[in-house]
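Undergrad: What follows is structure.pdb; its format and atoms are PDB, C-alpha atoms.
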```pdb
ATOM      1  CA  MET A1464       0.000   0.000   0.000  1.00  0.00           C
ATOM      2  CA  SER A1465       1.353   3.444  -0.890  1.00  0.00           C
ATOM      3  CA  PHE A1466       1.513   6.237   1.673  1.00  0.00           C
ATOM      4  CA  ILE A1467      -1.316   8.105  -0.070  1.00  0.00           C
ATOM      5  CA  GLU A1468      -3.455   4.968   0.129  1.00  0.00           C
ATOM      6  CA  SER A1469      -2.615   4.690   3.834  1.00  0.00           C
ATOM      7  CA  MET A1470      -3.679   8.281   4.410  1.00  0.00           C
ATOM      8  CA  ASN A1471      -6.878   7.755   2.436  1.00  0.00           C
ATOM      9  CA  THR A1472      -7.840   4.771   4.571  1.00  0.00           C
ATOM     10  CA  ARG A1473      -6.811   6.159   7.992  1.00  0.00           C
ATOM     11  CA  TYR A1474      -9.451   7.899  10.048  1.00  0.00           C
ATOM     12  CA  THR A1475     -10.169   8.895  13.619  1.00  0.00           C
ATOM     13  CA  THR A1476     -11.442   5.680  15.147  1.00  0.00           C
ATOM     14  CA  LYS A1477     -14.489   6.090  17.358  1.00  0.00           C
ATOM     15  CA  LYS A1478     -15.076   2.485  18.433  1.00  0.00           C
ATOM     16  CA  TYR A1479     -12.394  -0.116  19.143  1.00  0.00           C
ATOM     17  CA  ASN A1480     -12.407  -3.909  19.178  1.00  0.00           C
ATOM     18  CA  SER A1481     -11.185  -4.538  22.730  1.00  0.00           C
ATOM     19  CA  THR A1482     -10.246  -8.144  21.946  1.00  0.00           C
ATOM     20  CA  LYS A1483      -7.846  -7.409  19.085  1.00  0.00           C
ATOM     21  CA  LYS A1484      -4.331  -6.596  20.251  1.00  0.00           C
ATOM     22  CA  ILE A1485      -1.288  -4.908  18.735  1.00  0.00           C
ATOM     23  CA  THR A1486       1.758  -7.171  18.698  1.00  0.00           C
ATOM     24  CA  GLU A1487       4.614  -6.308  21.046  1.00  0.00           C
ATOM     25  CA  GLU A1488       6.864  -6.135  17.989  1.00  0.00           C
ATOM     26  CA  ASP A1489       4.680  -3.425  16.439  1.00  0.00           C
ATOM     27  CA  LYS A1490       4.601  -1.481  19.718  1.00  0.00           C
ATOM     28  CA  GLU A1491       8.385  -1.563  19.833  1.00  0.00           C
ATOM     29  CA  ARG A1492       8.482  -0.303  16.234  1.00  0.00           C
ATOM     30  CA  LEU A1493       6.209   2.600  17.172  1.00  0.00           C
ATOM     31  CA  LYS A1494       8.430   3.452  20.139  1.00  0.00           C
ATOM     32  CA  GLU A1495      11.494   3.585  17.885  1.00  0.00           C
ATOM     33  CA  ILE A1496       9.601   5.662  15.315  1.00  0.00           C
ATOM     34  CA  LEU A1497       8.706   8.183  18.027  1.00  0.00           C
ATOM     35  CA  ARG A1498      12.318   8.246  19.192  1.00  0.00           C
ATOM     36  CA  LEU A1499      13.310   9.198  15.642  1.00  0.00           C
ATOM     37  CA  SER A1500      10.776  12.047  15.393  1.00  0.00           C
ATOM     38  CA  PRO A1501      12.076  15.447  14.258  1.00  0.00           C
ATOM     39  CA  SER A1502      12.170  18.528  16.482  1.00  0.00           C
ATOM     40  CA  SER A1503      13.574  22.035  16.215  1.00  0.00           C
ATOM     41  CA  ILE A1504      17.346  21.991  16.857  1.00  0.00           C
ATOM     42  CA  ASN A1505      16.822  18.304  17.717  1.00  0.00           C
ATOM     43  CA  SER A1506      15.572  19.563  21.089  1.00  0.00           C
ATOM     44  CA  GLN A1507      13.421  16.497  21.893  1.00  0.00           C
ATOM     45  CA  PRO A1508      11.608  18.111  24.862  1.00  0.00           C
ATOM     46  CA  TRP A1509       9.343  15.115  25.333  1.00  0.00           C
ATOM     47  CA  LYS A1510       8.472  11.771  26.848  1.00  0.00           C
ATOM     48  CA  PHE A1511       6.032   9.224  25.413  1.00  0.00           C
ATOM     49  CA  THR A1512       4.127   6.968  27.811  1.00  0.00           C
ATOM     50  CA  PHE A1513       2.644   3.749  26.419  1.00  0.00           C
ATOM     51  CA  VAL A1514      -0.225   2.630  28.651  1.00  0.00           C
ATOM     52  CA  SER A1515      -1.467  -0.876  27.903  1.00  0.00           C
ATOM     53  CA  ASN A1516      -2.372  -1.818  31.491  1.00  0.00           C
ATOM     54  CA  GLN A1517      -6.167  -2.052  31.676  1.00  0.00           C
ATOM     55  CA  GLU A1518      -6.412  -0.819  35.259  1.00  0.00           C
ATOM     56  CA  VAL A1519      -4.435   2.331  34.482  1.00  0.00           C
ATOM     57  CA  ARG A1520      -6.374   2.894  31.248  1.00  0.00           C
ATOM     58  CA  ASN A1521      -9.625   2.643  33.196  1.00  0.00           C
ATOM     59  CA  LYS A1522      -8.392   5.444  35.478  1.00  0.00           C
ATOM     60  CA  LEU A1523      -7.363   7.551  32.496  1.00  0.00           C
ATOM     61  CA  ALA A1524     -10.739   6.881  30.881  1.00  0.00           C
ATOM     62  CA  GLU A1525     -12.507   8.574  33.783  1.00  0.00           C
ATOM     63  CA  VAL A1526     -10.646  11.821  33.012  1.00  0.00           C
ATOM     64  CA  SER A1527     -10.931  11.614  29.236  1.00  0.00           C
ATOM     65  CA  TRP A1528     -14.320  13.266  28.739  1.00  0.00           C
ATOM     66  CA  LEU A1529     -16.039  11.972  25.570  1.00  0.00           C
ATOM     67  CA  ASN A1530     -13.080   9.666  24.874  1.00  0.00           C
ATOM     68  CA  LYS A1531     -13.821   7.328  27.801  1.00  0.00           C
ATOM     69  CA  SER A1532     -14.782   4.249  25.747  1.00  0.00           C
ATOM     70  CA  LYS A1533     -11.854   4.710  23.341  1.00  0.00           C
ATOM     71  CA  VAL A1534      -9.367   4.759  26.220  1.00  0.00           C
ATOM     72  CA  GLN A1535     -10.982   1.695  27.802  1.00  0.00           C
ATOM     73  CA  ASP A1536     -11.363  -0.400  24.644  1.00  0.00           C
ATOM     74  CA  CYS A1537      -8.237   0.390  22.599  1.00  0.00           C
ATOM     75  CA  ASP A1538      -5.106  -1.693  23.002  1.00  0.00           C
ATOM     76  CA  THR A1539      -2.815   1.105  24.209  1.00  0.00           C
ATOM     77  CA  VAL A1540      -2.968   4.812  24.985  1.00  0.00           C
ATOM     78  CA  VAL A1541       0.147   6.761  24.035  1.00  0.00           C
ATOM     79  CA  VAL A1542       0.456   9.887  26.163  1.00  0.00           C
ATOM     80  CA  PHE A1543       2.546  12.705  24.704  1.00  0.00           C
ATOM     81  CA  ASN A1544       4.318  14.701  27.405  1.00  0.00           C
ATOM     82  CA  ARG A1545       6.445  17.812  27.191  1.00  0.00           C
ATOM     83  CA  ILE A1546       9.277  18.475  29.580  1.00  0.00           C
ATOM     84  CA  ASN A1547       8.024  20.793  32.304  1.00  0.00           C
ATOM     85  CA  ASP A1548      11.286  21.606  34.094  1.00  0.00           C
ATOM     86  CA  LEU A1549      13.422  24.176  32.288  1.00  0.00           C
ATOM     87  CA  ASP A1550      16.540  23.349  34.293  1.00  0.00           C
ATOM     88  CA  LEU A1551      16.161  19.678  33.376  1.00  0.00           C
ATOM     89  CA  PHE A1552      15.716  20.605  29.718  1.00  0.00           C
ATOM     90  CA  GLU A1553      18.798  22.804  29.702  1.00  0.00           C
ATOM     91  CA  ALA A1554      20.866  20.063  31.312  1.00  0.00           C
ATOM     92  CA  GLN A1555      19.572  17.644  28.656  1.00  0.00           C
ATOM     93  CA  ILE A1556      20.540  19.814  25.696  1.00  0.00           C
ATOM     94  CA  GLU A1557      23.943  20.642  27.201  1.00  0.00           C
ATOM     95  CA  ARG A1558      24.534  16.894  27.427  1.00  0.00           C
ATOM     96  CA  GLU A1559      22.995  15.799  24.128  1.00  0.00           C
ATOM     97  CA  LEU A1560      23.282  18.596  21.565  1.00  0.00           C
ATOM     98  CA  PRO A1561      26.142  20.308  19.735  1.00  0.00           C
ATOM     99  CA  LYS A1562      27.186  23.810  20.791  1.00  0.00           C
ATOM    100  CA  GLY A1563      25.414  25.493  17.848  1.00  0.00           C
ATOM    101  CA  ALA A1564      22.040  24.078  18.862  1.00  0.00           C
ATOM    102  CA  VAL A1565      22.559  25.007  22.514  1.00  0.00           C
ATOM    103  CA  ASP A1566      23.600  28.522  21.521  1.00  0.00           C
ATOM    104  CA  TYR A1567      20.448  28.871  19.379  1.00  0.00           C
ATOM    105  CA  TYR A1568      18.297  27.918  22.363  1.00  0.00           C
ATOM    106  CA  LYS A1569      20.120  30.324  24.675  1.00  0.00           C
ATOM    107  CA  GLU A1570      19.890  33.233  22.218  1.00  0.00           C
ATOM    108  CA  PHE A1571      16.400  32.848  20.764  1.00  0.00           C
ATOM    109  CA  ILE A1572      14.291  30.672  23.093  1.00  0.00           C
ATOM    110  CA  LYS A1573      15.611  31.049  26.644  1.00  0.00           C
ATOM    111  CA  PRO A1574      14.974  34.843  26.851  1.00  0.00           C
ATOM    112  CA  LEU A1575      11.252  34.265  26.222  1.00  0.00           C
ATOM    113  CA  PRO A1576       8.719  34.105  29.086  1.00  0.00           C
ATOM    114  CA  GLU A1577       8.393  30.593  30.534  1.00  0.00           C
ATOM    115  CA  ALA A1578       4.925  30.127  29.033  1.00  0.00           C
ATOM    116  CA  LYS A1579       6.280  30.824  25.540  1.00  0.00           C
ATOM    117  CA  ILE A1580       9.200  28.446  26.044  1.00  0.00           C
ATOM    118  CA  LYS A1581       6.773  25.697  27.024  1.00  0.00           C
ATOM    119  CA  ALA A1582       4.566  26.555  24.039  1.00  0.00           C
ATOM    120  CA  TRP A1583       7.679  26.026  21.860  1.00  0.00           C
ATOM    121  CA  PHE A1584       8.132  22.633  23.547  1.00  0.00           C
ATOM    122  CA  ASP A1585       4.490  21.807  22.778  1.00  0.00           C
ATOM    123  CA  LYS A1586       5.063  22.487  19.074  1.00  0.00           C
ATOM    124  CA  GLN A1587       7.822  19.897  19.033  1.00  0.00           C
ATOM    125  CA  VAL A1588       5.544  17.351  20.719  1.00  0.00           C
ATOM    126  CA  TYR A1589       2.924  17.909  18.010  1.00  0.00           C
ATOM    127  CA  LEU A1590       5.508  17.107  15.337  1.00  0.00           C
ATOM    128  CA  ALA A1591       5.894  13.702  16.987  1.00  0.00           C
ATOM    129  CA  LEU A1592       2.114  13.313  17.137  1.00  0.00           C
ATOM    130  CA  GLY A1593       1.916  13.610  13.348  1.00  0.00           C
ATOM    131  CA  ILE A1594       4.693  11.050  12.977  1.00  0.00           C
ATOM    132  CA  LEU A1595       2.837   8.529  15.172  1.00  0.00           C
ATOM    133  CA  LEU A1596      -0.465   8.964  13.339  1.00  0.00           C
ATOM    134  CA  SER A1597       1.281   8.513   9.988  1.00  0.00           C
ATOM    135  CA  ALA A1598       3.207   5.469  11.204  1.00  0.00           C
ATOM    136  CA  CYS A1599       0.026   3.848  12.499  1.00  0.00           C
ATOM    137  CA  ALA A1600      -1.664   4.420   9.140  1.00  0.00           C
ATOM    138  CA  GLU A1601       1.273   2.838   7.332  1.00  0.00           C
ATOM    139  CA  MET A1602       1.257  -0.166   9.712  1.00  0.00           C
ATOM    140  CA  GLY A1603      -2.508  -0.732   9.507  1.00  0.00           C
ATOM    141  CA  ILE A1604      -3.056   0.264  13.141  1.00  0.00           C
ATOM    142  CA  ASP A1605      -6.084   2.407  13.933  1.00  0.00           C
ATOM    143  CA  SER A1606      -5.668   5.566  15.996  1.00  0.00           C
ATOM    144  CA  THR A1607      -7.526   8.388  17.703  1.00  0.00           C
ATOM    145  CA  PRO A1608      -5.719  11.625  18.631  1.00  0.00           C
ATOM    146  CA  MET A1609      -7.303  13.069  21.775  1.00  0.00           C
ATOM    147  CA  GLU A1610      -6.956  16.576  23.137  1.00  0.00           C
ATOM    148  CA  GLY A1611     -10.173  15.850  25.022  1.00  0.00           C
ATOM    149  CA  ILE A1612      -8.404  14.739  28.181  1.00  0.00           C
ATOM    150  CA  GLU A1613      -7.757  16.293  31.594  1.00  0.00           C
ATOM    151  CA  PRO A1614      -3.967  16.755  31.420  1.00  0.00           C
ATOM    152  CA  GLU A1615      -3.481  17.561  35.115  1.00  0.00           C
ATOM    153  CA  ASN A1616      -5.315  14.395  36.127  1.00  0.00           C
ATOM    154  CA  TYR A1617      -3.360  12.358  33.582  1.00  0.00           C
ATOM    155  CA  ASP A1618      -0.224  13.682  35.274  1.00  0.00           C
ATOM    156  CA  ILE A1619      -1.474  12.546  38.690  1.00  0.00           C
ATOM    157  CA  ILE A1620      -2.409   9.068  37.451  1.00  0.00           C
ATOM    158  CA  LEU A1621       0.889   8.645  35.566  1.00  0.00           C
ATOM    159  CA  ASN A1622       2.942  10.194  38.369  1.00  0.00           C
ATOM    160  CA  ASN A1623       4.368  12.846  36.044  1.00  0.00           C
ATOM    161  CA  LYS A1624       6.763  15.042  37.999  1.00  0.00           C
ATOM    162  CA  THR A1625       9.044  16.783  35.518  1.00  0.00           C
ATOM    163  CA  TYR A1626       6.827  16.317  32.438  1.00  0.00           C
ATOM    164  CA  ALA A1627       3.305  17.465  31.568  1.00  0.00           C
ATOM    165  CA  SER A1628       0.692  15.561  29.553  1.00  0.00           C
ATOM    166  CA  ILE A1629      -0.307  17.418  26.390  1.00  0.00           C
ATOM    167  CA  VAL A1630      -2.293  15.058  24.166  1.00  0.00           C
ATOM    168  CA  ALA A1631      -2.998  11.327  23.989  1.00  0.00           C
ATOM    169  CA  VAL A1632      -3.546   8.839  21.173  1.00  0.00           C
ATOM    170  CA  ALA A1633      -5.607   5.673  21.464  1.00  0.00           C
ATOM    171  CA  ILE A1634      -4.220   2.915  19.238  1.00  0.00           C
ATOM    172  CA  GLY A1635      -5.583  -0.506  18.403  1.00  0.00           C
ATOM    173  CA  TYR A1636      -8.008  -1.956  15.880  1.00  0.00           C
ATOM    174  CA  ARG A1637     -11.455  -0.752  14.934  1.00  0.00           C
ATOM    175  CA  ASP A1638     -14.694  -2.435  15.829  1.00  0.00           C
ATOM    176  CA  GLU A1639     -16.359  -3.384  12.553  1.00  0.00           C
ATOM    177  CA  ALA A1640     -19.469  -1.540  13.776  1.00  0.00           C
ATOM    178  CA  ASP A1641     -17.559   1.768  13.954  1.00  0.00           C
ATOM    179  CA  THR A1642     -19.663   4.163  11.889  1.00  0.00           C
ATOM    180  CA  ASN A1643     -16.797   6.626  11.383  1.00  0.00           C
ATOM    181  CA  GLN A1644     -14.688   4.359   9.160  1.00  0.00           C
ATOM    182  CA  PRO A1645     -14.340   5.623   5.564  1.00  0.00           C
ATOM    183  CA  SER A1646     -16.441   2.798   4.103  1.00  0.00           C
ATOM    184  CA  LYS A1647     -19.397   4.097   6.124  1.00  0.00           C
ATOM    185  CA  ASN A1648     -18.515   7.774   6.482  1.00  0.00           C
ATOM    186  CA  PRO A1649     -16.447   8.891   3.470  1.00  0.00           C
ATOM    187  CA  LYS A1650     -13.424  11.049   4.207  1.00  0.00           C
ATOM    188  CA  SER A1651     -14.060  14.776   3.752  1.00  0.00           C
ATOM    189  CA  ARG A1652     -11.257  17.215   2.954  1.00  0.00           C
ATOM    190  CA  ILE A1653     -11.110  20.725   1.455  1.00  0.00           C
ATOM    191  CA  ALA A1654     -10.341  20.783  -2.287  1.00  0.00           C
ATOM    192  CA  ILE A1655      -6.620  20.750  -3.046  1.00  0.00           C
ATOM    193  CA  ASN A1656      -6.683  23.953  -5.114  1.00  0.00           C
ATOM    194  CA  THR A1657      -8.167  25.784  -2.100  1.00  0.00           C
ATOM    195  CA  ILE A1658      -5.491  24.839   0.402  1.00  0.00           C
ATOM    196  CA  ILE A1659      -2.386  24.349  -1.763  1.00  0.00           C
ATOM    197  CA  GLU A1660      -0.676  27.255  -3.491  1.00  0.00           C
ATOM    198  CA  THR A1661       2.094  26.713  -6.018  1.00  0.00           C
ATOM    199  CA  ILE A1662       4.362  29.644  -6.818  1.00  0.00           C
TER
END
```
For the file at hand, write its structure as structure tokens.
TA:
Amino acid sequence: MSFIESMNTRYTTKKYNSTKKITEEDKERLKEILRLSPSSINSQPWKFTFVSNQEVRNKLAEVSWLNKSKVQDCDTVVVFNRINDLDLFEAQIERELPKGAVDYYKEFIKPLPEAKIKAWFDKQVYLALGILLSACAEMGIDSTPMEGIEPENYDIILNNKTYASIVAVAIGYRDEADTNQPSKNPKSRIAINTIIETI
């Protein structure tokens, strides 16, 4: 299947088959794919938490608003976290990145208010989100990106201390009764000549 075909068939899954599981091999592939995600200056201000444990997912489901059944019935919830401790982040880049990247951060990002620095971190996390959704489509794994969660309560349940939950993705396999799949609810996108400009 080509990548365009994968993107045509992927959709936001609304109902999961709780009995169909992702192989451990595929989960490990997704973890490595996330590790390889791009970020500005290779900053990597993130952590990805794979939650397959049913008891923990049930707790997360209670603080996931309209996404409760997805969190309960999917195979795994991947929680995307941004680093929340600026000192920890600075120590990380001093250790991991070349001088040019560190200097860029110190000159252009560090002088910003803390809220704007963390917003910059969030943008990097969303790059990784797109990578995961694309990888799942390519691997034939269904997915549901979810901003409809209570991040502070996710942090409590997952014992996040130096990171903050931003967004979560349910992954697994669709229930055949899911009415949102493209065969029952055709994909709708704005016409290409409206959103793409060629100069």
Undergrad: Could you work out an axis-aligned bounding box for all listed atoms of region 1577-1585 of chain A, with 8 Å added on each of the six sides, and give its centre and edge lengths in Å to one decimal, as AutoDock Vina command-line options?
TA:
```
--center_x 6.8 --center_y 26.3 --center_z 26.2 --size_x 20.7 --size_y 25.0 --size_z 24.7
```
Undergrad: List the neighbours of Gln1535 (chain A) out to 6 Å using only C-alpha atoms; skip same-chain residues closer than 3 positions along the sequence, and give me the result as a ChimeraX atom specification.
TA: /A:1520-1521,1532
Undergrad: Restrict the calculation to all atoms listed in the file, then for each residue of region 1539-1559 of chain A with any atom at most 7 Å from an atom of region 1601-1625 of chain A give the closest atom pair and their distance in Å to one decimal, rows by chain and rising residue number, as JSON lines.
TA:
```
{"residue": "A:Ile1546", "atom": "CA", "partner": "A:Thr1625", "partner_atom": "CA", "distance": 6.2}
{"residue": "A:Asn1547", "atom": "CA", "partner": "A:Thr1625", "partner_atom": "CA", "distance": 5.2}
{"residue": "A:Asp1548", "atom": "CA", "partner": "A:Thr1625", "partner_atom": "CA", "distance": 5.5}
```
Undergrad: Would you work out the distance separating CA of Ala1633 (chain A) from CA of Arg1473 (chain A), expressed in Å to one decimal?
TA: 13.5 Å
Undergrad: Measure the distance from CA of Cys1599 (chain A) to CA of Tyr1474 (chain A) in Å and round it to one decimal.
TA: 10.6 Å
Undergrad: Select, from A:Ala1554, A:Ile1629, A:Ile1634, A:Val1514, the residue with the minimum atom-to-atom distance to Tyr1479 (chain A), counting only C-alpha atoms.
TA: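 Once distances to Tyr1479 (chain A) are computed over only C-alpha atoms, the minimum belongs to A:Ile1634.
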Undergrad: For the structure provided, state which residues fall under the PyMOL selection byres ((chain A and resi 1544) around 7), and present them as a VMD selection string.
TA: chain A and resid 1509 to 1511 1542 to 1543 1545 to 1546 1626 to 1629
Undergrad: Work out how far CA of Val1540 (chain A) is from CA of Ile1556 (chain A), in Å to one decimal.
TA: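 So the two atoms, CA of Ile1556 (chain A) and CA of Val1540 (chain A), lie 27.9 Å apart.
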Undergrad: Please report as a tab-separated table every residue of region 1471-1533 of chain A lying within 12 Å of region 1640-1656 of chain A, along with the nearest atom pair and their distance in Å (one decimal), using only C-alpha atoms.
TA:
```
residue	atom	partner	partner_atom	distance
A:Asn1471	CA	A:Lys1650	CA	7.5
A:Thr1472	CA	A:Pro1645	CA	6.6
A:Arg1473	CA	A:Pro1645	CA	7.9
A:Tyr1474	CA	A:Gln1644	CA	6.4
A:Thr1475	CA	A:Asn1643	CA	7.4
A:Thr1476	CA	A:Asn1643	CA	6.6
A:Lys1477	CA	A:Asp1641	CA	6.3
A:Lys1478	CA	A:Asp1641	CA	5.2
A:Tyr1479	CA	A:Asp1641	CA	7.6
A:Asn1480	CA	A:Ala1640	CA	9.2
A:Lys1533	CA	A:Asp1641	CA	11.4
```
Undergrad: Can you list, as a compact mmCIF listing (two decimals) with C-alpha atoms, keeping the file's coordinate frame, every protein, DNA or RNA residue that comes within 7 Å of Gln1587 (chain A) when you count only C-alpha atoms, leaving out same-chain residues fewer than 3 positions away?
TA:
```txt
# COMPACT_ATOMS: atom_id res chain seq x y z
CA SER A 1502 12.17 18.53 16.48
CA SER A 1503 13.57 22.04 16.22
CA TRP A 1583 7.68 26.03 21.86
CA PHE A 1584 8.13 22.63 23.55
CA LEU A 1590 5.51 17.11 15.34
CA ALA A 1591 5.89 13.70 16.99
```
Undergrad: Can you tell me which residues surround Ile1572 (chain A) at a distance of at most 10 Å, considering all atoms listed in the file, apart from same-chain residues fewer than 6 positions away, and format the answer as a VMD selection string?
TA: chain A and resid 1566 1579 to 1581 1583
Undergrad: Restricted to C-alpha atoms, what would the selected residues look like written as an mmCIF file, in the frame of the given file?
TA:
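Once everything was written out, this is out.cif:
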```
data_model
loop_
_atom_site.group_PDB
_atom_site.id
_atom_site.type_symbol
_atom_site.label_atom_id
_atom_site.label_comp_id
_atom_site.auth_asym_id
_atom_site.auth_seq_id
_atom_site.Cartn_x
_atom_site.Cartn_y
_atom_site.Cartn_z
ATOM 1 C CA ASP A 1566 23.600 28.522 21.521
ATOM 2 C CA LYS A 1579 6.280 30.824 25.540
ATOM 3 C CA ILE A 1580 9.200 28.446 26.044
ATOM 4 C CA LYS A 1581 6.773 25.697 27.024
ATOM 5 C CA TRP A 1583 7.679 26.026 21.860
#
```
Undergrad: With a distance cut-off of 10 Å and all atoms listed in the file, select the neighbouring residues of Val1565 (chain A), excluding the residue or stretch itself and same-chain residues fewer than 4 positions from it, and output the selection as a list in words.
TA: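 Counting only the stated atoms, we get Ile1504, Ser1506, Glu1553, Ile1556, Glu1557, Arg1558, Glu1559, Leu1560, Pro1561, Lys1569 and Glu1570 of chain A.
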Undergrad: From the block I gave, I'd like region 1493-1569 of chain A written with C-alpha atoms, as a short mmCIF file (atom, residue, chain, number, x, y, z; two decimals), in the first residue's frame.
TA:
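Full text of selection25.cif as output:
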```
data_model
loop_
_atom_site.label_atom_id
_atom_site.label_comp_id
_atom_site.auth_asym_id
_atom_site.auth_seq_id
_atom_site.Cartn_x
_atom_site.Cartn_y
_atom_site.Cartn_z
CA LEU A 1493 6.21 2.60 17.17
CA LYS A 1494 8.43 3.45 20.14
CA GLU A 1495 11.49 3.58 17.89
CA ILE A 1496 9.60 5.66 15.32
CA LEU A 1497 8.71 8.18 18.03
CA ARG A 1498 12.32 8.25 19.19
CA LEU A 1499 13.31 9.20 15.64
CA SER A 1500 10.78 12.05 15.39
CA PRO A 1501 12.08 15.45 14.26
CA SER A 1502 12.17 18.53 16.48
CA SER A 1503 13.57 22.04 16.22
CA ILE A 1504 17.35 21.99 16.86
CA ASN A 1505 16.82 18.30 17.72
CA SER A 1506 15.57 19.56 21.09
CA GLN A 1507 13.42 16.50 21.89
CA PRO A 1508 11.61 18.11 24.86
CA TRP A 1509 9.34 15.12 25.33
CA LYS A 1510 8.47 11.77 26.85
CA PHE A 1511 6.03 9.22 25.41
CA THR A 1512 4.13 6.97 27.81
CA PHE A 1513 2.64 3.75 26.42
CA VAL A 1514 -0.23 2.63 28.65
CA SER A 1515 -1.47 -0.88 27.90
CA ASN A 1516 -2.37 -1.82 31.49
CA GLN A 1517 -6.17 -2.05 31.68
CA GLU A 1518 -6.41 -0.82 35.26
CA VAL A 1519 -4.44 2.33 34.48
CA ARG A 1520 -6.37 2.89 31.25
CA ASN A 1521 -9.63 2.64 33.20
CA LYS A 1522 -8.39 5.44 35.48
CA LEU A 1523 -7.36 7.55 32.50
CA ALA A 1524 -10.74 6.88 30.88
CA GLU A 1525 -12.51 8.57 33.78
CA VAL A 1526 -10.65 11.82 33.01
CA SER A 1527 -10.93 11.61 29.24
CA TRP A 1528 -14.32 13.27 28.74
CA LEU A 1529 -16.04 11.97 25.57
CA ASN A 1530 -13.08 9.67 24.87
CA LYS A 1531 -13.82 7.33 27.80
CA SER A 1532 -14.78 4.25 25.75
CA LYS A 1533 -11.85 4.71 23.34
CA VAL A 1534 -9.37 4.76 26.22
CA GLN A 1535 -10.98 1.69 27.80
CA ASP A 1536 -11.36 -0.40 24.64
CA CYS A 1537 -8.24 0.39 22.60
CA ASP A 1538 -5.11 -1.69 23.00
CA THR A 1539 -2.81 1.11 24.21
CA VAL A 1540 -2.97 4.81 24.99
CA VAL A 1541 0.15 6.76 24.04
CA VAL A 1542 0.46 9.89 26.16
CA PHE A 1543 2.55 12.70 24.70
CA ASN A 1544 4.32 14.70 27.40
CA ARG A 1545 6.45 17.81 27.19
CA ILE A 1546 9.28 18.48 29.58
CA ASN A 1547 8.02 20.79 32.30
CA ASP A 1548 11.29 21.61 34.09
CA LEU A 1549 13.42 24.18 32.29
CA ASP A 1550 16.54 23.35 34.29
CA LEU A 1551 16.16 19.68 33.38
CA PHE A 1552 15.72 20.61 29.72
CA GLU A 1553 18.80 22.80 29.70
CA ALA A 1554 20.87 20.06 31.31
CA GLN A 1555 19.57 17.64 28.66
CA ILE A 1556 20.54 19.81 25.70
CA GLU A 1557 23.94 20.64 27.20
CA ARG A 1558 24.53 16.89 27.43
CA GLU A 1559 22.99 15.80 24.13
CA LEU A 1560 23.28 18.60 21.57
CA PRO A 1561 26.14 20.31 19.74
CA LYS A 1562 27.19 23.81 20.79
CA GLY A 1563 25.41 25.49 17.85
CA ALA A 1564 22.04 24.08 18.86
CA VAL A 1565 22.56 25.01 22.51
CA ASP A 1566 23.60 28.52 21.52
CA TYR A 1567 20.45 28.87 19.38
CA TYR A 1568 18.30 27.92 22.36
CA LYS A 1569 20.12 30.32 24.68
#
```
